Amino acid sequence: MSIPFLTLLGLLGIYFLLRGLSRGRTPEPATDPDAATLAELVRVGSDVTREHDVEFFLYLPGRAEAEVLAEQLAGEGFKTEIQPGEAAGDWLCLATRRLRPELDELRRLRARLAILAESRGGAYDGWGATVVEPGSVE
């Protein structure tokens, strides 16, 4: 066999090996916003094996709706804060919970928070967290 053919086979083998290793860990970030945010957190060096203060962004059409949602979420263990949203008339309900950012839990929370926001005429707009450096003291 020729060297170019063997090189091509080797490269294809590496490609399929890497592709196989990445399957099952996380879906394509482009199609999964939670996976994309988690991948970015890892990319910037955060130690995702440790707890983070994760902030969830929920936008409501009025202050009263935001306050009702904040009270409900506080009863579920979230710290909440209400502030005017960027769009006129919108109100942000910022809900924070300390947790280890794991994809399955983030997806579960996305589904739950989206339903709660939509039931009050609002929308869930994702999550974010500050970087937790490896070896840092909490």
# chains A, B, ... in the order shown; residues from 1 in each chain; ligands from 1

$ residues_around --residues "segment 85-95 of chain A" --least-positions-apart "3" --cutoff "6 Å" --atoms "only C-alpha atoms" --output "PyMOL selection string"
chain A and resi 55-63+66+78-82

$ residues_around --residues "Asp34 of chain A" --least-positions-apart "5" --cutoff "7 Å" --atoms "only C-alpha atoms" --output "list in words"
Leu103, Leu106 and Arg107 of chain A

$ select_by_dssp --residues "segment 35-110 of chain A" --states "alpha helix (DSSP H)" --output "ChimeraX atom specification"
/A:35-43,63-75,103-110

$ atom_distance --atom1 "atom CA of Leu99 of chain A" --atom2 "atom CA of Leu38 of chain A"
13.0 Å

$ atom_distance --atom1 "atom CA of Ala35 of chain A" --atom2 "atom CA of Pro134 of chain A"
20.4 Å

$ closest_residue --among "A:Leu69, A:Ala74, A:Val54, A:Ala129" --to "Ile115 of chain A" --atoms "only C-alpha atoms"
A:Leu69
